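Q: What follows is the file input_7.txt, containing compact mmCIF, C-alpha atoms:
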```
# COMPACT_ATOMS: atom_id res chain seq x y z
CA MET T 327 -38.47 3.52 -11.55
CA PHE T 328 -38.84 3.96 -15.31
CA CYS T 329 -35.88 1.68 -16.06
CA LEU T 330 -37.08 -0.87 -13.49
CA ARG T 331 -40.49 -1.06 -15.18
CA LEU T 332 -38.81 -1.39 -18.56
CA ARG T 333 -36.59 -4.23 -17.37
CA LEU T 334 -39.61 -6.07 -15.96
CA TRP T 335 -41.20 -5.92 -19.41
CA LEU T 336 -37.98 -7.33 -20.86
CA GLN T 337 -37.32 -10.30 -18.58
CA PRO T 338 -34.96 -12.97 -19.98
CA GLY T 339 -37.94 -15.09 -21.02
CA THR T 340 -39.31 -12.36 -23.25
CA GLN T 341 -38.63 -13.05 -26.92
CA ILE T 342 -38.39 -9.82 -28.91
CA GLY T 343 -37.44 -11.40 -32.19
CA ALA T 344 -34.95 -13.54 -34.02
CA VAL T 345 -31.34 -13.96 -32.93
CA PHE T 346 -29.85 -10.48 -32.64
CA CYS T 347 -27.38 -9.79 -35.42
CA GLN T 348 -23.93 -8.83 -34.12
CA SER T 349 -23.52 -6.13 -36.76
CA ALA T 350 -26.70 -4.32 -35.73
CA HIS T 351 -26.41 -0.88 -34.10
CA LYS T 352 -25.87 -1.04 -30.33
CA LEU T 353 -29.15 0.85 -29.76
CA ALA T 354 -31.19 -0.91 -32.45
CA SER T 355 -33.19 -2.83 -29.85
CA ILE T 356 -35.04 -1.49 -26.80
CA GLN T 357 -33.46 -4.30 -24.81
CA LYS T 358 -30.02 -2.85 -25.57
CA ALA T 359 -31.17 0.65 -24.68
CA THR T 360 -32.07 -0.34 -21.12
CA ARG T 361 -28.38 -0.54 -20.28
CA LEU T 362 -28.22 3.25 -20.41
CA PRO T 363 -29.04 5.56 -17.47
CA PRO T 364 -32.82 6.08 -16.93
CA LYS T 365 -32.81 9.69 -18.20
CA LYS T 366 -31.16 8.65 -21.46
CA VAL T 367 -33.62 5.79 -21.88
CA GLN T 368 -36.50 8.24 -21.46
CA SER T 369 -35.01 10.53 -24.11
CA LEU T 370 -34.54 7.63 -26.51
CA LEU T 371 -38.12 6.42 -26.18
CA TYR T 372 -39.89 9.79 -25.81
CA PRO T 373 -37.65 12.54 -27.26
CA PHE T 374 -40.05 15.35 -26.39
CA SER T 375 -39.35 14.70 -22.69
CA GLU T 376 -35.88 16.19 -23.24
CA LEU T 377 -37.45 19.50 -24.31
CA ASP T 378 -40.34 19.68 -21.89
CA ALA T 379 -38.38 21.44 -19.15
CA TYR T 380 -37.37 24.22 -21.56
CA LEU T 381 -40.92 25.03 -22.63
CA ASP T 382 -42.87 27.87 -21.07
CA ARG T 383 -45.70 26.69 -18.82
CA SER T 384 -48.22 28.43 -21.08
CA VAL T 385 -47.40 26.11 -24.02
CA ASP T 386 -49.89 23.27 -24.47
CA ARG T 387 -48.01 19.96 -24.26
CA THR T 388 -50.91 17.87 -25.53
CA GLN T 389 -50.05 18.42 -29.19
CA PHE T 390 -46.65 16.80 -28.64
CA GLN T 391 -47.95 13.69 -26.86
CA LEU T 392 -51.08 12.60 -28.72
CA PHE T 393 -49.41 9.33 -29.64
CA HIS T 394 -47.74 8.18 -26.43
CA PRO T 395 -47.70 4.37 -26.38
CA SER T 396 -46.48 2.19 -23.56
CA VAL T 397 -43.07 0.54 -23.66
CA ASP T 398 -44.90 -2.75 -24.00
CA ASP T 399 -46.45 -1.52 -27.26
CA MET T 400 -43.04 -0.42 -28.56
CA VAL T 401 -41.68 -3.90 -27.82
CA LYS T 402 -44.54 -5.44 -29.82
CA ALA T 403 -43.81 -3.13 -32.74
CA GLU T 404 -40.10 -3.91 -32.57
CA LYS T 405 -40.79 -7.57 -33.32
CA LEU T 406 -42.02 -6.59 -36.78
CA PHE T 407 -38.61 -5.12 -37.63
CA TYR T 408 -36.79 -8.43 -37.17
CA SER T 409 -36.44 -10.48 -40.33
CA SER T 410 -37.06 -14.23 -40.29
CA LEU T 411 -37.84 -17.03 -42.73
CA SER T 412 -41.57 -16.41 -42.27
CA HIS T 413 -41.30 -12.62 -42.08
CA LYS T 414 -38.76 -11.41 -44.60
CA ILE T 415 -37.65 -7.77 -44.61
CA ASP T 416 -35.92 -6.72 -47.80
CA TYR T 417 -35.39 -4.11 -50.48
CA TYR T 418 -37.93 -5.03 -53.16
CA ILE T 419 -37.75 -2.73 -56.17
CA SER T 420 -37.13 0.83 -57.42
CA ALA T 421 -39.44 2.74 -59.72
CA GLU T 422 -39.15 5.97 -61.72
CA ARG T 423 -42.78 6.17 -62.85
CA MET T 424 -46.17 4.92 -61.68
CA ASP T 425 -46.27 2.26 -64.39
CA HIS T 426 -43.11 0.83 -62.79
CA VAL T 427 -44.57 0.77 -59.27
CA PRO T 428 -45.34 -2.76 -58.03
CA ALA T 429 -48.95 -3.75 -57.34
CA LEU T 430 -48.75 -4.61 -53.65
CA GLN T 431 -51.69 -5.32 -51.37
CA GLN T 432 -50.23 -4.64 -47.93
CA PRO T 433 -50.50 -1.16 -46.35
CA GLU T 434 -47.84 1.31 -47.41
CA VAL T 435 -46.18 4.36 -45.88
CA CYS T 436 -43.84 6.72 -47.72
CA PHE T 437 -41.17 9.19 -46.66
CA ILE T 438 -40.64 12.45 -48.54
CA GLY T 439 -38.48 15.44 -47.71
CA ARG T 440 -35.92 17.96 -48.88
CA SER T 441 -32.65 16.61 -50.26
CA ASN T 442 -30.23 15.85 -47.42
CA VAL T 443 -32.97 15.92 -44.75
CA GLY T 444 -32.01 12.39 -43.71
CA LYS T 445 -34.70 10.19 -45.31
CA SER T 446 -32.46 7.26 -46.17
CA SER T 447 -30.63 7.53 -42.84
CA LEU T 448 -33.96 7.39 -41.00
CA ILE T 449 -35.13 4.34 -42.94
CA LYS T 450 -31.76 2.68 -42.28
CA ALA T 451 -32.25 3.33 -38.55
CA LEU T 452 -35.77 1.86 -38.67
CA PHE T 453 -34.30 -1.27 -40.28
CA SER T 454 -31.27 -1.41 -37.98
CA LEU T 455 -32.47 -4.72 -36.48
CA THR T 456 -32.02 -6.20 -39.95
CA PRO T 457 -28.76 -4.55 -41.05
CA GLU T 458 -28.48 -6.77 -44.12
CA VAL T 459 -31.29 -4.74 -45.72
CA GLU T 460 -29.56 -2.46 -48.20
CA VAL T 461 -30.54 1.17 -47.65
CA ARG T 462 -28.13 3.40 -49.54
CA VAL T 463 -27.12 6.50 -47.59
CA SER T 464 -25.00 9.28 -49.07
CA LYS T 465 -23.62 12.59 -47.81
CA THR T 466 -24.35 14.01 -51.25
CA PRO T 467 -27.74 15.76 -51.45
CA GLY T 468 -30.17 14.27 -53.97
CA HIS T 469 -28.71 10.76 -53.84
CA THR T 470 -32.14 9.09 -54.01
CA LYS T 471 -33.40 9.41 -57.59
CA LYS T 472 -36.13 6.76 -57.61
CA MET T 473 -38.97 5.48 -55.43
CA ASN T 474 -37.40 2.65 -53.41
CA PHE T 475 -39.72 -0.01 -51.97
CA PHE T 476 -38.89 -2.02 -48.84
CA ARG T 477 -41.14 -4.88 -47.76
CA VAL T 478 -41.66 -5.68 -44.08
CA GLY T 479 -42.91 -9.23 -44.48
CA LYS T 480 -46.60 -9.25 -45.36
CA ALA T 481 -47.27 -6.53 -42.78
CA PHE T 482 -46.48 -3.33 -44.71
CA THR T 483 -44.18 -1.59 -47.18
CA ILE T 484 -41.97 1.47 -46.62
CA VAL T 485 -41.19 3.69 -49.60
CA ASP T 486 -38.18 6.00 -49.76
CA MET T 487 -39.11 8.83 -52.16
CA PRO T 488 -36.66 11.09 -54.04
CA GLY T 489 -35.75 14.33 -52.28
CA TYR T 490 -37.06 17.68 -53.42
CA GLY T 491 -35.12 20.95 -53.64
CA HIS T 492 -31.38 20.87 -54.35
CA LYS T 493 -30.41 18.27 -56.96
CA ALA T 494 -33.91 16.79 -57.05
CA PRO T 495 -34.74 14.65 -60.09
CA LYS T 496 -36.03 16.79 -62.96
CA ASP T 497 -39.19 14.72 -63.10
CA PHE T 498 -39.74 14.81 -59.31
CA VAL T 499 -43.29 16.19 -59.55
CA ASP T 500 -44.27 13.78 -62.34
CA MET T 501 -42.89 10.91 -60.29
CA VAL T 502 -44.19 11.74 -56.81
CA GLU T 503 -47.56 13.45 -57.28
CA PRO T 504 -49.24 10.60 -59.20
CA TYR T 505 -48.09 8.18 -56.51
CA LEU T 506 -49.46 10.31 -53.67
CA TYR T 507 -52.75 10.93 -55.49
CA THR T 508 -53.48 7.41 -56.75
CA ARG T 509 -51.75 4.86 -54.52
CA LYS T 510 -54.74 3.12 -52.92
CA ASN T 511 -52.86 1.23 -50.23
CA LEU T 512 -50.93 4.32 -49.04
CA VAL T 513 -52.04 4.82 -45.43
CA ARG T 514 -49.75 7.71 -44.45
CA THR T 515 -47.15 10.06 -45.90
CA PHE T 516 -44.28 11.13 -43.63
CA LEU T 517 -42.98 14.59 -44.48
CA LEU T 518 -39.47 15.11 -43.09
CA VAL T 519 -38.25 18.51 -41.90
CA ASP T 520 -34.71 19.26 -40.70
CA GLY T 521 -35.07 20.29 -37.05
CA SER T 522 -31.72 22.07 -37.01
CA VAL T 523 -32.77 24.61 -39.66
CA GLY T 524 -36.57 24.53 -39.43
CA LEU T 525 -39.12 24.91 -42.21
CA GLN T 526 -37.62 26.01 -45.53
CA LYS T 527 -39.41 27.40 -48.59
CA ALA T 528 -39.24 24.01 -50.31
CA ASP T 529 -40.83 22.40 -47.22
CA LEU T 530 -43.74 24.83 -47.33
CA ILE T 531 -44.32 23.97 -50.99
CA ALA T 532 -44.28 20.25 -50.12
CA LEU T 533 -46.69 20.90 -47.26
CA GLU T 534 -49.05 22.71 -49.65
CA MET T 535 -48.84 19.74 -52.01
CA CYS T 536 -49.82 17.36 -49.20
CA GLU T 537 -52.74 19.61 -48.32
CA GLU T 538 -53.94 19.71 -51.93
CA ILE T 539 -53.88 15.92 -52.11
CA ARG T 540 -56.06 15.78 -48.97
CA ARG T 541 -54.62 12.53 -47.68
CA PRO T 542 -53.38 12.20 -44.10
CA TYR T 543 -49.73 12.93 -43.48
CA VAL T 544 -47.34 13.32 -40.56
CA ILE T 545 -44.33 15.57 -40.01
CA VAL T 546 -41.11 14.01 -38.78
CA VAL T 547 -38.50 16.41 -37.40
CA THR T 548 -35.04 15.01 -38.16
CA LYS T 549 -31.50 15.79 -36.98
CA ILE T 550 -32.66 16.96 -33.54
CA ASP T 551 -29.16 16.21 -32.24
CA LYS T 552 -27.59 18.75 -34.59
CA CYS T 553 -28.62 21.89 -32.71
CA GLY T 554 -29.20 23.21 -29.21
CA HIS T 555 -32.48 23.06 -27.31
CA GLY T 556 -33.22 26.74 -27.94
CA THR T 557 -32.85 26.48 -31.72
CA LEU T 558 -34.81 23.23 -31.87
CA LEU T 559 -37.67 24.61 -29.77
CA THR T 560 -37.87 27.79 -31.85
CA ASN T 561 -38.06 25.75 -35.06
CA LEU T 562 -40.50 23.28 -33.51
CA LEU T 563 -42.91 25.94 -32.25
CA ASN T 564 -42.80 27.72 -35.60
CA LEU T 565 -43.61 24.40 -37.29
CA GLN T 566 -46.50 23.78 -34.89
CA ASP T 567 -47.92 27.22 -35.62
CA VAL T 568 -47.91 26.44 -39.35
CA VAL T 569 -49.53 23.05 -38.76
CA LYS T 570 -52.21 24.59 -36.56
CA THR T 571 -53.08 27.52 -38.85
CA LYS T 572 -52.42 26.24 -42.38
CA THR T 573 -53.16 22.50 -42.44
CA THR T 574 -56.20 20.26 -42.22
CA SER T 575 -54.75 16.86 -43.17
CA CYS T 576 -51.60 16.88 -41.01
CA PHE T 577 -51.46 14.87 -37.78
CA PRO T 578 -51.00 17.51 -35.03
CA GLN T 579 -48.06 15.77 -33.37
CA PRO T 580 -44.59 16.02 -34.93
CA PHE T 581 -42.27 13.05 -34.38
CA LEU T 582 -38.79 14.04 -33.22
CA VAL T 583 -35.95 11.78 -34.36
CA SER T 584 -32.20 11.47 -34.53
CA SER T 585 -31.05 8.66 -36.80
CA LEU T 586 -27.53 8.99 -35.36
CA LYS T 587 -28.46 8.74 -31.67
CA PHE T 588 -31.66 6.71 -32.17
CA TRP T 589 -33.88 9.22 -30.39
CA GLY T 590 -37.48 8.58 -31.38
CA ILE T 591 -36.79 5.53 -33.58
CA TYR T 592 -38.69 3.13 -31.29
CA LEU T 593 -41.66 5.51 -31.11
CA LEU T 594 -41.76 5.90 -34.90
CA ARG T 595 -41.59 2.13 -35.42
CA CYS T 596 -44.58 1.80 -33.11
CA PHE T 597 -46.55 4.52 -34.92
CA ILE T 598 -45.95 2.91 -38.33
CA SER T 599 -46.94 -0.50 -36.98
CA HIS T 600 -50.09 1.02 -35.48
CA LEU T 601 -51.06 2.91 -38.67
CA THR T 602 -50.72 -0.19 -40.82
CA GLY T 603 -52.83 -2.28 -38.45
CA SER T 604 -49.89 -4.54 -37.65
CA ILE T 605 -50.25 -4.19 -33.88
CA ARG T 606 -53.05 -3.31 -31.49
CA LEU T 607 -52.08 -0.77 -28.86
CA THR T 608 -52.78 -1.54 -25.24
CA ASN T 609 -52.40 2.04 -24.03
CA THR T 610 -51.56 5.25 -25.88
CA SER T 611 -51.59 7.64 -22.95
CA GLN T 612 -49.12 6.18 -20.45
CA SER T 613 -45.40 5.57 -20.65
```
Show this structure as structure tokens.
A:
Amino acid sequence: MFCLRLRLWLQPGTQIGAVFCQSAHKLASIQKATRLPPKKVQSLLYPFSELDAYLDRSVDRTQFQLFHPSVDDMVKAEKLFYSSLSHKIDYYISAERMDHVPALQQPEVCFIGRSNVGKSSLIKALFSLTPEVEVRVSKTPGHTKKMNFFRVGKAFTIVDMPGYGHKAPKDFVDMVEPYLYTRKNLVRTFLLVDGSVGLQKADLIALEMCEEIRRPYVIVVTKIDKCGHGTLLTNLLNLQDVVKTKTTSCFPQPFLVSSLKFWGIYLLRCFISHLTGSIRLTNTSQS
């Protein structure tokens, strides 16, 4: 039934974007994902559904499904991630200090996280419908040394921040804190946490920094394909306990993603598009 409804939304007459690039990932588009079995489609669109059966009945599910848009809304958001002559998606500039940061008017979101948490891989997955956008990904921790700005037409900008912790730039704090404190068009910070290992000491320090700044932020749980359900749930519930007891500016719902298997990528695209005012949601409570 779920796949049938999805296919009805994606009839041949429905235009999702520009001509699909042959080099794009096979799951970059929702339309491609519908070729999978219904259960896999559900996991791709709503990753928490894969864990729901393993949770004790006493656990409140609401906190994991506050943002639960329809497939139709995800399709609308997906259109923004196709590049065209009138809506160009590209790498714009890199900056080491605030006086190097471009003065842009459109809404901005930034991604921060521990070195090797998968920031660049996640941004590459978000831009997978436009594979010509150069997002450098490295297996070496600390590869990102500057603030990298990517423009999504005139809709919004995504900023890939340097990683903290191992091999972080020496001037990480001087580079990142002024941006987070003073960037007027920053609408949300995404703090990435490795789901396979859970919160680390460096993550708790970053979380405290976000709380001190008192600007809204969201936690994204990466690499959820790198561990079993038991380990992931343990780390996730521990994270939720910290969010509930030690934060005031964090959005209660964590976003679960796998850049490798594309779990949660469509949902995150939709959330970013919603936050930046680029789309209007029709329904946030039904799938």
Q: Considering all atoms listed in the file, can you say which of T:Arg477, T:His555, T:Lys472, T:Lys445 comes closest to Glu376 (chain T)?
A: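 Of T:Arg477, T:His555, T:Lys472, T:Lys445, the one nearest Glu376 (chain T), counting all atoms listed in the file, is T:His555.
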Q: From the set T:Ile550, T:Val385, T:Ile605, T:Leu512, which residue has the shortest atom-to-atom contact distance to Gln431 (chain T), counting all atoms listed in the file?
A: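 Looking at the shortest contact to Gln431 (chain T), the residue is T:Leu512.
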Q: When you look at Lys572 (chain T) with a cut-off of 10 Å (counting all atoms listed in the file), what residues show up, excluding the ones that are within fewer than 6 positions of it in the same chain? I need them as a tab-separated table (two decimals) with C-alpha atoms, in the coordinates of the input.
A:
```tsv
chain	number	residue	atom	x	y	z
T	533	LEU	CA	-46.69	20.90	-47.26
T	534	GLU	CA	-49.05	22.71	-49.65
T	537	GLU	CA	-52.74	19.61	-48.32
T	566	GLN	CA	-46.50	23.78	-34.89
```
Q: Give me, please, the distance in Å between CA of His351 (chain T) and CA of Asp378 (chain T), quoted to one decimal.
A: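 Pair CA of His351 (chain T) / CA of Asp378 (chain T) returns 27.7 Å.
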Q: Any idea what's packed within 7 Å of Ala481 (chain T), counting all atoms listed in the file, ignoring anything in its chain fewer than 3 positions away? Could you give it as a VMD selection string?
A: chain T and resid 432 478 604
Q: Which value, in Å to one decimal, gives the distance between CA of Asp416 (chain T) and CA of Val485 (chain T)?
A: 11.8 Å
Q: Nearest to Asn442 (chain T): which of T:Val519, T:Leu594, T:Ala403, T:Leu370 is it, counting all atoms listed in the file?
A: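 For Asn442 (chain T), the nearest of the given residues is T:Val519.
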Q: Rounded to one decimal in Å, what is the spacing between CA of Gln357 (chain T) and CA of Arg595 (chain T)?
A: 14.8 Å
Q: Looking at T:Val461, T:Val546, T:Ala350, T:Val427, which one is nearest to Pro578 (chain T), with distances taken over only C-alpha atoms?
A: T:Val546
Q: At a cut-off of 9 Å, using all atoms listed in the file, what residues contact Tyr505 (chain T)? Leave out same-chain residues fewer than 3 positions from it and give the result as a PyMOL selection string.
A: chain T and resi 423-424+427+500-502+508-509+512
Q: Considering only C-alpha atoms, can you say which of T:Glu434, T:Glu422, T:Glu404, T:Asp386 comes closest to Val513 (chain T)?
A: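 Of the candidates, the smallest distance to Val513 (chain T) is held by T:Glu434.
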Q: Of the residues T:His600, T:Arg361, T:Lys414, T:Lys402, which is the one nearest to Lys480 (chain T), using only C-alpha atoms?
A: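 Of the candidates, the smallest distance to Lys480 (chain T) is held by T:Lys414.
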Q: Show which residues sit within 10 Å of region 371-373 of chain T, as a list in words. Count only C-alpha atoms, and ignore same-chain residues fewer than 5 positions away.
A: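 Here the qualifying residues turn out to be Ile356, Ala359, Lys366, Asp378, Gln391, His394, Pro395, Ser396, Val397, Met400, Ile550, Phe581, Leu582, Val583, Ser584, Phe588, Trp589, Gly590, Ile591, Tyr592, Leu593, Leu594 and Ser613 of chain T.
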Q: Counting all atoms listed in the file, which residues have an atom no more than 8 Å from (-44.8, 17.6, -29.7) in the file's coordinates? Please list them as a list in words.
A: Phe374, Arg387, Thr388, Gln389, Phe390, Gln391, Gln579, Pro580, Phe581 and Leu582 of chain T
